[in-house]
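Structure first, then comments.
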Amino acid sequence: MDGYSIRQLALPDLERYKSIRLEALRLEAGKFGNSYTTEAAYPETEWINRLTRADRACFGLFYKDELIGITAVLVNEADTTDGYMTQSYIREAHRGRKLSQLLYEARIRWGKEKGLKTLTISHRKDNMASRAAILRNGFVYTHSETRIWGDATEEENTFYKKEL
């Protein structure tokens with residue numbers, strides 16, 4: 001994985017983070033719960049909160065100095081011993097290199113540092129690449145729920161949990 005690195009994003013990364021997040025929603029609408037239209041309309045304070053709140057972390061995946069991927073993890077408001085992993089995206093030109101492993105490692109490490117007992121993750125039922133990565137990282141299926149995805153289609157959202 002020469003040239004690739006991952007680090008937690010901070011306020012100076014705001015514009016790059018916002019740009020790649022909106023790119024992900026525009027290009028891969030069916031893989032996310034929110035839509036491009038919804039997040040493009042967010043006030044600046046929402047974007048700032050994503051990078052500065054203590055109960056969440058956004059990570060950037062870099063190739064040299066270029067931000068080519070993002071992911072996030074946040075403490076579950078209903079159960080503060082659990083974290084929810086979200087927003088994973090890697091630009092298409094960099095896929096197929098097992099770089100998602102870096103995204104998993106960063107979020108799991110953050111969860112352990114925060115003292116979380118479990119992490120939860122989900123994916124759209126037909127997203128087999130996401131399912132494979134989730135299982136490869138030791139998550140166990142818990143349940144499914146029907147939801148409306150960012151592309152306005154209805155399909156199962158499949159949930160998994162990992163003990164830390």
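Following the order of the structure tokens, chains are lettered A, B, ..., residues in each are numbered from 1, and ligands are numbered from 1.
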Worksheet item: Quick one: residues within 9 Å of Asp82 in chain A, only C-alpha atoms counted, chain neighbours fewer than 5 positions away excluded, as a PyMOL selection string?
Response: chain A and resi 74-77+111+116-120
Restricting it to N, CA and C atoms, dump the selection as a compact mmCIF listing (two decimals), in the first residue's frame.
```
# COMPACT_ATOMS: atom_id res chain seq x y z
N LEU A 74 -19.22 7.24 14.90
CA LEU A 74 -19.77 8.13 15.90
C LEU A 74 -20.36 7.32 17.04
N VAL A 75 -20.35 7.93 18.21
CA VAL A 75 -20.92 7.28 19.38
C VAL A 75 -22.45 7.28 19.22
N ASN A 76 -23.04 6.13 19.48
CA ASN A 76 -24.49 5.96 19.39
C ASN A 76 -25.14 6.74 20.53
N GLU A 77 -26.00 7.70 20.19
CA GLU A 77 -26.65 8.53 21.22
C GLU A 77 -27.53 7.71 22.16
N GLY A 111 -12.69 3.53 18.28
CA GLY A 111 -13.69 2.99 19.20
C GLY A 111 -13.06 2.45 20.48
N LEU A 116 -15.43 2.29 23.84
CA LEU A 116 -16.66 1.65 23.39
C LEU A 116 -16.56 0.14 23.59
N LYS A 117 -17.69 -0.48 23.83
CA LYS A 117 -17.72 -1.94 24.00
C LYS A 117 -18.05 -2.66 22.69
N THR A 118 -18.79 -1.97 21.81
CA THR A 118 -19.18 -2.57 20.53
C THR A 118 -19.16 -1.50 19.43
N LEU A 119 -19.09 -2.00 18.21
CA LEU A 119 -19.26 -1.15 17.03
C LEU A 119 -20.34 -1.79 16.16
N THR A 120 -21.18 -0.96 15.57
CA THR A 120 -22.25 -1.40 14.68
C THR A 120 -21.98 -0.83 13.30
```
Worksheet entry | Those of range 3-164 of chain A in DSSP helix (DSSP H, G or I), formatted as JSON, numbers by chain | {"A": [11, 12, 13, 14, 15, 16, 17, 18, 19, 20, 21, 22, 23, 24, 25, 26, 27, 29, 30, 31, 36, 37, 38, 39, 40, 44, 45, 46, 47, 48, 49, 50, 51, 52, 92, 93, 94, 100, 101, 102, 103, 104, 105, 106, 107, 108, 109, 110, 111, 112, 113, 128, 129, 130, 131, 132, 133, 134, 135, 136]}
Discussion item. When you look at Ser5 in chain A with a cut-off of 8 Å (counting only C-alpha atoms), what residues show up, excluding the ones that are within fewer than 2 positions of it in the same chain? I need them as a ChimeraX atom specification.
Written reply: /A:3,7,61-64
Item to complete: Looking only at strand (DSSP E or B) from DSSP on the backbone, list the matching residues of range 19-115 of chain A as a PyMOL selection string.
Response: chain A and resi 56-63+66-75+82-90
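The residue set within 9 Å of Ser144 in chain A, counting only C-alpha atoms and dropping same-chain residues fewer than 3 places from it, reads A:Ser122, A:Lys125, A:Tyr141, A:Glu156, A:Asn157, A:Thr158, A:Phe159.
Take the candidates A:Ala54, A:Ile20, A:Ala40, A:Ala93 and check each one against Ile70 in chain A using only C-alpha atoms; the shortest distance goes to A:Ile20.
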Worksheet entry | Among listed residues A:Gly33, A:Gly83, A:Gly96, A:Pro12, nearest Arg56 in chain A (using only C-alpha atoms) |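 Of the candidates, the smallest distance to Arg56 in chain A is held by A:Gly83.
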